[in-house]
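Have a look at run30.pdb; it's PDB, C-alpha atoms and all ligand atoms:
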```pdb
ATOM      1  CA  MET A   1      47.670 -37.082 -89.878  1.00  0.00           C
ATOM      2  CA  THR A   2      45.385 -36.837 -86.827  1.00  0.00           C
ATOM      3  CA  ASP A   3      47.852 -34.693 -84.879  1.00  0.00           C
ATOM      4  CA  GLN A   4      47.034 -31.826 -87.245  1.00  0.00           C
ATOM      5  CA  TRP A   5      43.668 -31.461 -85.507  1.00  0.00           C
ATOM      6  CA  ASP A   6      42.946 -29.688 -82.215  1.00  0.00           C
ATOM      7  CA  ASN A   7      40.518 -32.431 -81.226  1.00  0.00           C
ATOM      8  CA  VAL A   8      39.734 -35.868 -82.546  1.00  0.00           C
ATOM      9  CA  VAL A   9      36.337 -37.273 -81.523  1.00  0.00           C
ATOM     10  CA  ASP A  10      33.927 -39.996 -82.577  1.00  0.00           C
ATOM     11  CA  VAL A  11      31.048 -37.562 -83.133  1.00  0.00           C
ATOM     12  CA  LEU A  12      31.189 -33.843 -83.858  1.00  0.00           C
ATOM     13  CA  VAL A  13      27.857 -32.078 -83.354  1.00  0.00           C
ATOM     14  CA  ALA A  14      27.308 -28.627 -84.865  1.00  0.00           C
ATOM     15  CA  GLY A  15      24.689 -26.614 -82.982  1.00  0.00           C
ATOM     16  CA  THR A  16      23.223 -26.543 -79.500  1.00  0.00           C
ATOM     17  CA  GLY A  17      19.489 -26.639 -80.247  1.00  0.00           C
ATOM     18  CA  ALA A  18      17.241 -29.600 -79.507  1.00  0.00           C
ATOM     19  CA  ALA A  19      18.463 -31.539 -82.551  1.00  0.00           C
ATOM     20  CA  GLY A  20      22.160 -31.115 -81.806  1.00  0.00           C
ATOM     21  CA  LEU A  21      22.019 -31.707 -78.076  1.00  0.00           C
ATOM     22  CA  THR A  22      19.708 -34.710 -78.415  1.00  0.00           C
ATOM     23  CA  ALA A  23      22.092 -36.190 -80.981  1.00  0.00           C
ATOM     24  CA  ALA A  24      25.008 -35.507 -78.629  1.00  0.00           C
ATOM     25  CA  ILE A  25      23.257 -37.162 -75.679  1.00  0.00           C
ATOM     26  CA  THR A  26      22.344 -40.156 -77.826  1.00  0.00           C
ATOM     27  CA  ALA A  27      25.943 -40.580 -78.990  1.00  0.00           C
ATOM     28  CA  ALA A  28      27.374 -40.065 -75.507  1.00  0.00           C
ATOM     29  CA  GLU A  29      24.972 -42.618 -74.041  1.00  0.00           C
ATOM     30  CA  ALA A  30      26.211 -45.088 -76.664  1.00  0.00           C
ATOM     31  CA  GLY A  31      29.705 -44.618 -75.251  1.00  0.00           C
ATOM     32  CA  LEU A  32      31.045 -42.415 -78.035  1.00  0.00           C
ATOM     33  CA  ASP A  33      33.360 -39.474 -77.525  1.00  0.00           C
ATOM     34  CA  VAL A  34      31.343 -36.361 -78.450  1.00  0.00           C
ATOM     35  CA  LEU A  35      32.233 -32.728 -79.062  1.00  0.00           C
ATOM     36  CA  VAL A  36      29.495 -30.098 -79.476  1.00  0.00           C
ATOM     37  CA  VAL A  37      30.381 -26.824 -81.178  1.00  0.00           C
ATOM     38  CA  GLU A  38      28.256 -23.686 -81.365  1.00  0.00           C
ATOM     39  CA  SER A  39      28.829 -20.806 -83.771  1.00  0.00           C
ATOM     40  CA  THR A  40      27.262 -18.068 -81.629  1.00  0.00           C
ATOM     41  CA  PRO A  41      28.227 -16.843 -78.134  1.00  0.00           C
ATOM     42  CA  LYS A  42      25.054 -18.409 -76.700  1.00  0.00           C
ATOM     43  CA  TRP A  43      23.844 -21.983 -76.611  1.00  0.00           C
ATOM     44  CA  GLY A  44      20.270 -23.172 -77.088  1.00  0.00           C
ATOM     45  CA  GLY A  45      19.480 -21.990 -80.611  1.00  0.00           C
ATOM     46  CA  THR A  46      15.944 -21.273 -81.750  1.00  0.00           C
ATOM     47  CA  THR A  47      14.887 -24.106 -79.472  1.00  0.00           C
ATOM     48  CA  ALA A  48      15.640 -21.992 -76.420  1.00  0.00           C
ATOM     49  CA  VAL A  49      13.214 -19.260 -77.465  1.00  0.00           C
ATOM     50  CA  SER A  50      10.523 -21.541 -78.876  1.00  0.00           C
ATOM     51  CA  GLY A  51       7.252 -22.549 -77.324  1.00  0.00           C
ATOM     52  CA  GLY A  52       8.851 -25.856 -76.400  1.00  0.00           C
ATOM     53  CA  GLY A  53       5.888 -28.008 -77.393  1.00  0.00           C
ATOM     54  CA  LEU A  54       6.454 -31.334 -79.160  1.00  0.00           C
ATOM     55  CA  TRP A  55       3.790 -32.794 -81.420  1.00  0.00           C
ATOM     56  CA  MET A  56       4.022 -36.426 -80.523  1.00  0.00           C
ATOM     57  CA  PRO A  57       1.156 -38.765 -81.404  1.00  0.00           C
ATOM     58  CA  VAL A  58       0.810 -42.050 -79.497  1.00  0.00           C
ATOM     59  CA  ASN A  59       3.120 -40.785 -76.779  1.00  0.00           C
ATOM     60  CA  PRO A  60       3.528 -42.678 -73.500  1.00  0.00           C
ATOM     61  CA  LEU A  61       1.642 -40.026 -71.501  1.00  0.00           C
ATOM     62  CA  MET A  62      -1.421 -40.294 -73.770  1.00  0.00           C
ATOM     63  CA  ILE A  63      -1.368 -44.049 -73.337  1.00  0.00           C
ATOM     64  CA  ARG A  64      -1.021 -43.640 -69.562  1.00  0.00           C
ATOM     65  CA  ASP A  65      -4.075 -41.336 -69.536  1.00  0.00           C
ATOM     66  CA  GLY A  66      -6.153 -43.649 -71.723  1.00  0.00           C
ATOM     67  CA  VAL A  67      -6.341 -41.266 -74.703  1.00  0.00           C
ATOM     68  CA  ARG A  68      -6.900 -43.283 -77.875  1.00  0.00           C
ATOM     69  CA  ASP A  69      -4.444 -42.711 -80.680  1.00  0.00           C
ATOM     70  CA  SER A  70      -2.583 -44.747 -83.259  1.00  0.00           C
ATOM     71  CA  VAL A  71       0.244 -44.400 -85.755  1.00  0.00           C
ATOM     72  CA  GLU A  72      -2.268 -45.006 -88.549  1.00  0.00           C
ATOM     73  CA  GLU A  73      -4.460 -42.098 -87.382  1.00  0.00           C
ATOM     74  CA  ALA A  74      -1.411 -39.856 -87.091  1.00  0.00           C
ATOM     75  CA  LEU A  75      -0.309 -40.830 -90.612  1.00  0.00           C
ATOM     76  CA  GLN A  76      -3.792 -40.082 -91.885  1.00  0.00           C
ATOM     77  CA  TYR A  77      -3.684 -36.671 -90.231  1.00  0.00           C
ATOM     78  CA  MET A  78      -0.235 -35.929 -91.668  1.00  0.00           C
ATOM     79  CA  GLN A  79      -1.466 -36.802 -95.110  1.00  0.00           C
ATOM     80  CA  GLU A  80      -4.474 -34.501 -94.626  1.00  0.00           C
ATOM     81  CA  ALA A  81      -2.400 -31.641 -93.238  1.00  0.00           C
ATOM     82  CA  ILE A  82       0.782 -31.957 -95.319  1.00  0.00           C
ATOM     83  CA  GLY A  83      -0.331 -33.781 -98.427  1.00  0.00           C
ATOM     84  CA  ASP A  84       2.311 -34.977-100.847  1.00  0.00           C
ATOM     85  CA  ALA A  85       5.428 -32.943-100.218  1.00  0.00           C
ATOM     86  CA  GLY A  86       8.040 -35.095-101.891  1.00  0.00           C
ATOM     87  CA  PRO A  87      10.920 -37.089-100.374  1.00  0.00           C
ATOM     88  CA  ALA A  88      11.345 -34.713 -97.417  1.00  0.00           C
ATOM     89  CA  SER A  89       8.044 -35.973 -96.045  1.00  0.00           C
ATOM     90  CA  SER A  90       7.845 -39.503 -97.432  1.00  0.00           C
ATOM     91  CA  ILE A  91       5.716 -42.137 -95.699  1.00  0.00           C
ATOM     92  CA  LYS A  92       8.930 -43.808 -94.541  1.00  0.00           C
ATOM     93  CA  ARG A  93      10.125 -40.568 -92.928  1.00  0.00           C
ATOM     94  CA  ARG A  94       6.747 -39.912 -91.352  1.00  0.00           C
ATOM     95  CA  ARG A  95       6.770 -43.398 -89.819  1.00  0.00           C
ATOM     96  CA  ALA A  96      10.344 -42.893 -88.580  1.00  0.00           C
ATOM     97  CA  PHE A  97       9.280 -39.597 -86.973  1.00  0.00           C
ATOM     98  CA  LEU A  98       6.269 -41.183 -85.277  1.00  0.00           C
ATOM     99  CA  ASP A  99       8.242 -44.233 -84.109  1.00  0.00           C
ATOM    100  CA  SER A 100      11.156 -42.251 -82.707  1.00  0.00           C
ATOM    101  CA  GLY A 101       9.147 -39.681 -80.693  1.00  0.00           C
ATOM    102  CA  PRO A 102       8.453 -41.943 -77.713  1.00  0.00           C
ATOM    103  CA  GLN A 103      12.076 -43.159 -77.850  1.00  0.00           C
ATOM    104  CA  VAL A 104      13.270 -39.550 -77.550  1.00  0.00           C
ATOM    105  CA  MET A 105      10.962 -39.036 -74.579  1.00  0.00           C
ATOM    106  CA  ARG A 106      12.337 -42.125 -72.848  1.00  0.00           C
ATOM    107  CA  LEU A 107      15.949 -41.231 -73.625  1.00  0.00           C
ATOM    108  CA  LEU A 108      15.701 -37.689 -72.280  1.00  0.00           C
ATOM    109  CA  GLY A 109      13.591 -38.925 -69.376  1.00  0.00           C
ATOM    110  CA  ARG A 110      16.541 -41.057 -68.284  1.00  0.00           C
ATOM    111  CA  PHE A 111      18.594 -37.853 -68.146  1.00  0.00           C
ATOM    112  CA  GLY A 112      16.090 -36.027 -65.950  1.00  0.00           C
ATOM    113  CA  VAL A 113      13.650 -34.347 -68.351  1.00  0.00           C
ATOM    114  CA  ARG A 114      10.213 -34.547 -66.760  1.00  0.00           C
ATOM    115  CA  TRP A 115       7.521 -34.604 -69.394  1.00  0.00           C
ATOM    116  CA  ARG A 116       4.027 -33.175 -69.186  1.00  0.00           C
ATOM    117  CA  ARG A 117       1.093 -33.586 -71.526  1.00  0.00           C
ATOM    118  CA  CYS A 118      -0.710 -30.604 -73.039  1.00  0.00           C
ATOM    119  CA  PRO A 119      -4.154 -32.209 -72.773  1.00  0.00           C
ATOM    120  CA  ASP A 120      -6.098 -29.193 -74.077  1.00  0.00           C
ATOM    121  CA  TYR A 121      -3.818 -28.335 -76.992  1.00  0.00           C
ATOM    122  CA  PRO A 122      -5.274 -29.362 -80.353  1.00  0.00           C
ATOM    123  CA  ASP A 123      -3.671 -30.413 -83.613  1.00  0.00           C
ATOM    124  CA  TYR A 124      -3.732 -27.398 -85.923  1.00  0.00           C
ATOM    125  CA  TYR A 125      -6.576 -29.004 -87.915  1.00  0.00           C
ATOM    126  CA  PRO A 126      -8.278 -31.151 -85.279  1.00  0.00           C
ATOM    127  CA  ASP A 127     -11.411 -31.564 -87.375  1.00  0.00           C
ATOM    128  CA  ARG A 128      -9.580 -33.240 -90.253  1.00  0.00           C
ATOM    129  CA  PRO A 129      -9.480 -37.051 -90.432  1.00  0.00           C
ATOM    130  CA  GLY A 130      -6.956 -38.394 -87.935  1.00  0.00           C
ATOM    131  CA  GLY A 131      -6.847 -35.062 -86.049  1.00  0.00           C
ATOM    132  CA  LYS A 132      -7.005 -34.988 -82.256  1.00  0.00           C
ATOM    133  CA  VAL A 133      -6.683 -32.830 -79.165  1.00  0.00           C
ATOM    134  CA  GLY A 134      -3.929 -33.560 -76.650  1.00  0.00           C
ATOM    135  CA  ARG A 135      -1.055 -34.981 -78.660  1.00  0.00           C
ATOM    136  CA  GLY A 136       1.366 -32.343 -77.426  1.00  0.00           C
ATOM    137  CA  VAL A 137       4.032 -32.844 -74.768  1.00  0.00           C
ATOM    138  CA  GLU A 138       6.513 -30.458 -73.188  1.00  0.00           C
ATOM    139  CA  SER A 139       9.075 -30.539 -70.446  1.00  0.00           C
ATOM    140  CA  ALA A 140       8.109 -29.445 -66.977  1.00  0.00           C
ATOM    141  CA  PRO A 141       9.784 -26.228 -65.802  1.00  0.00           C
ATOM    142  CA  PHE A 142      12.967 -26.785 -63.856  1.00  0.00           C
ATOM    143  CA  ASP A 143      15.133 -24.687 -61.610  1.00  0.00           C
ATOM    144  CA  THR A 144      17.649 -23.022 -63.945  1.00  0.00           C
ATOM    145  CA  ARG A 145      19.997 -22.476 -60.995  1.00  0.00           C
ATOM    146  CA  ARG A 146      20.965 -26.090 -61.547  1.00  0.00           C
ATOM    147  CA  LEU A 147      22.787 -24.956 -64.684  1.00  0.00           C
ATOM    148  CA  GLY A 148      25.245 -23.010 -62.548  1.00  0.00           C
ATOM    149  CA  GLU A 149      27.607 -20.908 -64.640  1.00  0.00           C
ATOM    150  CA  TRP A 150      26.175 -22.389 -67.850  1.00  0.00           C
ATOM    151  CA  TYR A 151      23.052 -20.264 -67.382  1.00  0.00           C
ATOM    152  CA  ALA A 152      24.966 -17.049 -68.176  1.00  0.00           C
ATOM    153  CA  THR A 153      25.534 -18.218 -71.752  1.00  0.00           C
ATOM    154  CA  ALA A 154      22.092 -19.811 -72.261  1.00  0.00           C
ATOM    155  CA  ARG A 155      20.002 -18.206 -74.987  1.00  0.00           C
ATOM    156  CA  ALA A 156      16.998 -18.981 -72.813  1.00  0.00           C
ATOM    157  CA  ALA A 157      18.329 -16.463 -70.289  1.00  0.00           C
ATOM    158  CA  ASP A 158      17.472 -13.655 -72.736  1.00  0.00           C
ATOM    159  CA  GLY A 159      13.757 -14.246 -72.294  1.00  0.00           C
ATOM    160  CA  LEU A 160      11.211 -13.565 -69.610  1.00  0.00           C
ATOM    161  CA  PRO A 161      11.909 -16.005 -66.766  1.00  0.00           C
ATOM    162  CA  VAL A 162       8.301 -17.144 -66.321  1.00  0.00           C
ATOM    163  CA  PRO A 163       7.564 -20.875 -66.284  1.00  0.00           C
ATOM    164  CA  VAL A 164       4.462 -20.753 -68.467  1.00  0.00           C
ATOM    165  CA  MET A 165       3.175 -24.040 -69.841  1.00  0.00           C
ATOM    166  CA  THR A 166       1.310 -24.540 -73.102  1.00  0.00           C
ATOM    167  CA  ASP A 167      -2.079 -24.882 -71.475  1.00  0.00           C
ATOM    168  CA  ASP A 168      -1.352 -21.748 -69.409  1.00  0.00           C
ATOM    169  CA  VAL A 169      -0.964 -19.778 -72.653  1.00  0.00           C
ATOM    170  CA  TRP A 170      -4.285 -21.188 -73.750  1.00  0.00           C
ATOM    171  CA  LEU A 171      -5.904 -19.964 -70.550  1.00  0.00           C
ATOM    172  CA  LEU A 172      -4.083 -16.623 -70.627  1.00  0.00           C
ATOM    173  CA  GLY A 173      -5.389 -16.045 -74.139  1.00  0.00           C
ATOM    174  CA  ARG A 174      -8.927 -16.600 -72.953  1.00  0.00           C
ATOM    175  CA  SER A 175      -8.333 -14.346 -69.959  1.00  0.00           C
ATOM    176  CA  ALA A 176      -6.961 -11.541 -72.163  1.00  0.00           C
ATOM    177  CA  GLY A 177      -9.954 -11.887 -74.476  1.00  0.00           C
ATOM    178  CA  SER A 178     -12.242 -11.655 -71.503  1.00  0.00           C
ATOM    179  CA  CYS A 179     -10.496  -8.482 -70.285  1.00  0.00           C
ATOM    180  CA  ALA A 180     -10.723  -6.833 -73.697  1.00  0.00           C
ATOM    181  CA  ALA A 181     -14.401  -7.713 -73.997  1.00  0.00           C
ATOM    182  CA  ARG A 182     -15.209  -6.208 -70.615  1.00  0.00           C
ATOM    183  CA  GLY A 183     -12.899  -3.226 -71.048  1.00  0.00           C
ATOM    184  CA  SER A 184     -12.278  -3.184 -67.351  1.00  0.00           C
ATOM    185  CA  SER A 185      -8.981  -3.289 -65.519  1.00  0.00           C
ATOM    186  CA  SER A 186     -10.629  -5.239 -62.732  1.00  0.00           C
ATOM    187  CA  ALA A 187     -11.212  -7.985 -65.252  1.00  0.00           C
ATOM    188  CA  ARG A 188      -7.475  -8.566 -65.206  1.00  0.00           C
ATOM    189  CA  SER A 189      -7.992 -10.555 -62.053  1.00  0.00           C
ATOM    190  CA  ALA A 190     -10.515 -12.738 -63.838  1.00  0.00           C
ATOM    191  CA  ALA A 191      -9.938 -16.263 -62.805  1.00  0.00           C
ATOM    192  CA  TRP A 192      -7.186 -18.073 -64.569  1.00  0.00           C
ATOM    193  CA  ARG A 193      -5.038 -20.530 -62.844  1.00  0.00           C
ATOM    194  CA  PRO A 194      -1.698 -21.767 -64.125  1.00  0.00           C
ATOM    195  CA  ALA A 195      -2.170 -25.259 -65.463  1.00  0.00           C
ATOM    196  CA  SER A 196       1.400 -26.061 -64.504  1.00  0.00           C
ATOM    197  CA  ALA A 197       1.976 -27.588 -61.113  1.00  0.00           C
ATOM    198  CA  TRP A 198       3.814 -24.723 -59.452  1.00  0.00           C
ATOM    199  CA  SER A 199       4.799 -26.873 -56.539  1.00  0.00           C
ATOM    200  CA  GLY A 200       6.230 -29.471 -58.887  1.00  0.00           C
ATOM    201  CA  TRP A 201       9.010 -27.697 -60.706  1.00  0.00           C
ATOM    202  CA  ALA A 202      11.822 -28.109 -58.248  1.00  0.00           C
ATOM    203  CA  ALA A 203      14.723 -30.247 -59.263  1.00  0.00           C
ATOM    204  CA  PRO A 204      13.998 -33.970 -59.131  1.00  0.00           C
TER     205      PRO A 204
HETATM  206  C1  LIG B   1       8.864 -18.201 -81.318  1.00  0.00           C
HETATM  207  C2  LIG B   1       9.007 -19.639 -81.782  1.00  0.00           C
HETATM  208  C3  LIG B   1       8.212 -20.612 -81.193  1.00  0.00           C
HETATM  209  C4  LIG B   1       8.315 -21.935 -81.631  1.00  0.00           C
HETATM  210  N1  LIG B   1       7.560 -22.873 -81.002  1.00  0.00           N
HETATM  211  C5  LIG B   1       7.669 -24.172 -81.373  1.00  0.00           C
HETATM  212  C6  LIG B   1       6.957 -25.170 -80.684  1.00  0.00           C
HETATM  213  O1  LIG B   1       6.253 -24.935 -79.710  1.00  0.00           O
HETATM  214  N2  LIG B   1       7.077 -26.464 -81.129  1.00  0.00           N
HETATM  215  C7  LIG B   1       7.896 -26.789 -82.188  1.00  0.00           C
HETATM  216  O2  LIG B   1       7.982 -27.990 -82.531  1.00  0.00           O
HETATM  217  N3  LIG B   1       8.624 -25.849 -82.831  1.00  0.00           N
HETATM  218  C8  LIG B   1       8.533 -24.562 -82.444  1.00  0.00           C
HETATM  219  N4  LIG B   1       9.281 -23.613 -83.086  1.00  0.00           N
HETATM  220  C9  LIG B   1      10.235 -24.072 -84.111  1.00  0.00           C
HETATM  221  C10 LIG B   1      11.430 -24.722 -83.369  1.00  0.00           C
HETATM  222  O3  LIG B   1      11.904 -23.827 -82.380  1.00  0.00           O
HETATM  223  C11 LIG B   1      12.588 -25.084 -84.315  1.00  0.00           C
HETATM  224  O4  LIG B   1      12.093 -25.836 -85.413  1.00  0.00           O
HETATM  225  C12 LIG B   1      13.617 -25.911 -83.561  1.00  0.00           C
HETATM  226  O5  LIG B   1      14.029 -25.272 -82.368  1.00  0.00           O
HETATM  227  C13 LIG B   1      14.835 -26.189 -84.435  1.00  0.00           C
HETATM  228  O6  LIG B   1      15.744 -26.924 -83.647  1.00  0.00           O
HETATM  229  P1  LIG B   1      17.197 -27.202 -84.164  1.00  0.00           P
HETATM  230  O7  LIG B   1      17.939 -27.913 -83.074  1.00  0.00           O
HETATM  231  O8  LIG B   1      17.108 -27.869 -85.497  1.00  0.00           O
HETATM  232  O9  LIG B   1      17.817 -25.765 -84.453  1.00  0.00           O
HETATM  233  P2  LIG B   1      18.174 -24.583 -83.446  1.00  0.00           P
HETATM  234  O10 LIG B   1      17.473 -24.722 -82.120  1.00  0.00           O
HETATM  235  O11 LIG B   1      17.997 -23.297 -84.163  1.00  0.00           O
HETATM  236  O12 LIG B   1      19.711 -24.805 -83.168  1.00  0.00           O
HETATM  237  C14 LIG B   1      20.663 -24.663 -84.178  1.00  0.00           C
HETATM  238  C15 LIG B   1      21.966 -24.199 -83.526  1.00  0.00           C
HETATM  239  O13 LIG B   1      23.045 -24.407 -84.430  1.00  0.00           O
HETATM  240  C16 LIG B   1      23.892 -23.283 -84.409  1.00  0.00           C
HETATM  241  N5  LIG B   1      24.627 -23.313 -85.668  1.00  0.00           N
HETATM  242  C17 LIG B   1      24.187 -23.020 -86.904  1.00  0.00           C
HETATM  243  N6  LIG B   1      25.156 -23.221 -87.811  1.00  0.00           N
HETATM  244  C18 LIG B   1      26.234 -23.682 -87.122  1.00  0.00           C
HETATM  245  C19 LIG B   1      27.560 -24.070 -87.489  1.00  0.00           C
HETATM  246  N7  LIG B   1      27.947 -24.052 -88.765  1.00  0.00           N
HETATM  247  N8  LIG B   1      28.406 -24.479 -86.520  1.00  0.00           N
HETATM  248  C20 LIG B   1      28.014 -24.525 -85.236  1.00  0.00           C
HETATM  249  N9  LIG B   1      26.775 -24.163 -84.813  1.00  0.00           N
HETATM  250  C21 LIG B   1      25.905 -23.740 -85.757  1.00  0.00           C
HETATM  251  C22 LIG B   1      22.944 -22.130 -84.224  1.00  0.00           C
HETATM  252  O14 LIG B   1      23.612 -20.973 -83.739  1.00  0.00           O
HETATM  253  C23 LIG B   1      21.971 -22.715 -83.180  1.00  0.00           C
HETATM  254  O15 LIG B   1      22.426 -22.528 -81.861  1.00  0.00           O
HETATM  255  C24 LIG B   1       9.217 -22.285 -82.674  1.00  0.00           C
HETATM  256  C25 LIG B   1      10.038 -21.305 -83.237  1.00  0.00           C
HETATM  257  C26 LIG B   1       9.945 -19.996 -82.793  1.00  0.00           C
HETATM  258  C27 LIG B   1      10.867 -18.965 -83.384  1.00  0.00           C
END
```
Can I see the file as structure tokens?
Amino acid sequence: MTDQWDNVVDVLVAGTGAAGLTAAITAAEAGLDVLVVESTPKWGGTTAVSGGGLWMPVNPLMIRDGVRDSVEEALQYMQEAIGDAGPASSIKRRRAFLDSGPQVMRLLGRFGVRWRRCPDYPDYYPDRPGGKVGRGVESAPFDTRRLGEWYATARAADGLPVPVMTDDVWLLGRSAGSCAARGSSSARSAAWRPASAWSGWAAP
């Protein structure tokens, strides 16, 4: 029966976005034989063109920096922001999401992802009960030349190759507002400094 198939694997992953590739890495690390398939000519999915920020309460980098947070506060915030949305966002699922975030960070960290906090980036409703500033994390920029020939088929290659971090966008927004308010081209040089560590994005 099995010889009717082109490939027989333990885990077949459909899609090359964050969900698919993280699932594939998880399965491969567990010693399973994994095949990832992608239905478009490019890999990376929506993930590759997204802002790349992860909302991750009680993450290890917050704890390292002494920022107070708790699963209970995050659950309170989710209830305030989402409300009752049925089984798709049950308390059990919310807890699973909150518990697995740091595990995902550690897993991908073992494979070379270097995480950064977004200390200035707020929850969308930071003033609501349980809301906070600085729960976001993102990966540090890395040298895409490490991808070798894989880069040619990366959806990320379609974009502007500028390693802008979340807090840079925050600062750029302020800078643009400042320029518009002054109406002066010289204001374009108004001080903004990339929050990302430009010297720190070489390959580990
Ligand atoms: C401009 C923008 C900015 C965003 N910024 C953020 C952000 O900062 N933070 C955040 O949390 N979210 C953000 N999002 C949302 C986030 O990008 C998506 O929720 C997330 O990337 C979805 O990941 P995924 O792995 O589920 O799907 P995707 O990344 O879309 O990957 C799905 C992949 O599966 C492939 N596929 C589909 N069907 C099949 C099939 N039958 N067989 C094989 N392959 C298939 C697709 O071609 C695609 O490559 C943003 C979205 C956009 C558009």
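Put simply, atom CA of Ala14 of chain A is 6.0 Å away from atom N7 of ligand LIG 1 (chain B).
Here, the PyMOL selection byres (((not hetatm)) within 8 of (chain B and resi 1)) matches A:Val13, A:Ala14, A:Gly15, A:Thr16, A:Gly17, A:Ala18, A:Ala19, A:Gly20, A:Leu21, A:Val37, A:Glu38, A:Ser39, A:Thr40, A:Lys42, A:Trp43, A:Gly44, A:Gly45, A:Thr46, A:Thr47, A:Ala48, A:Val49, A:Ser50, A:Gly51, A:Gly52, A:Gly53, A:Leu54, A:Trp55.
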Next on the checklist: Need to verify the contact set: segment 77-93 of chain A, 6 Å, only C-alpha atoms, exclusion of same-chain residues closer than 6 positions in sequence. Can you return it as an NGL selection string?
Outcome noted: :A and (129-131)
Convert the current residue selection to file output with C-alpha atoms, as an mmCIF file, in the coordinates of the input.
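Once everything was written out, this is out.cif:
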```
data_model
loop_
_atom_site.group_PDB
_atom_site.id
_atom_site.type_symbol
_atom_site.label_atom_id
_atom_site.label_comp_id
_atom_site.auth_asym_id
_atom_site.auth_seq_id
_atom_site.Cartn_x
_atom_site.Cartn_y
_atom_site.Cartn_z
ATOM 1 C CA PRO A 129 -9.480 -37.051 -90.432
ATOM 2 C CA GLY A 130 -6.956 -38.394 -87.935
ATOM 3 C CA GLY A 131 -6.847 -35.062 -86.049
#
```
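Note that the spacing between atom CA of Ala154 of chain A and atom CA of Phe111 of chain A amounts to 18.8 Å.
Counting from atom CA of Pro102 of chain A, the distance to atom CA of Pro57 of chain A is 8.8 Å.
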Enclosing box along x, y and z for every listed atom of segment 27-37 of chain A, padded 8 Å each side, centre and size in Å, one decimal, as lines of an AutoDock Vina configuration file:
```
center_x = 29.2
center_y = -36.0
center_z = -77.6
size_x = 24.4
size_y = 34.3
size_z = 23.1
```
Checklist entry - For the file shown, what are the residues hit by the PyMOL selection byres (((chain A and resi 26) around 12) and not hetatm), laid out as a PyMOL selection string? => result chain A and resi 11+13+18-25+27-34+103-108+110-111
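With all atoms listed in the file as the basis for measurement, A:Pro119 is the residue among A:Pro41, A:Gly109, A:Pro119, A:Pro126 that approaches Asp167 of chain A most closely.
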Next on the checklist: I want to know what sits within 9 Å of Gly134 of chain A, based on only C-alpha atoms, with residues of the same chain fewer than 3 positions away left out; could you give that as a PyMOL selection string?
Outcome noted: chain A and resi 57+62+67+117-123+137
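You can rank A:Arg155, A:Arg68, A:Arg146, A:Arg174 by their closest distance to Gly112 of chain A using all atoms listed in the file, and at the top of that list sits A:Arg146.
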Item to check | the PyMOL selection byres (((chain A and resi 98) around 9) and not hetatm) applied to the shown file, residues as a ChimeraX atom specification | outcome: /A:56-58,71,74-75,93-97,99-102
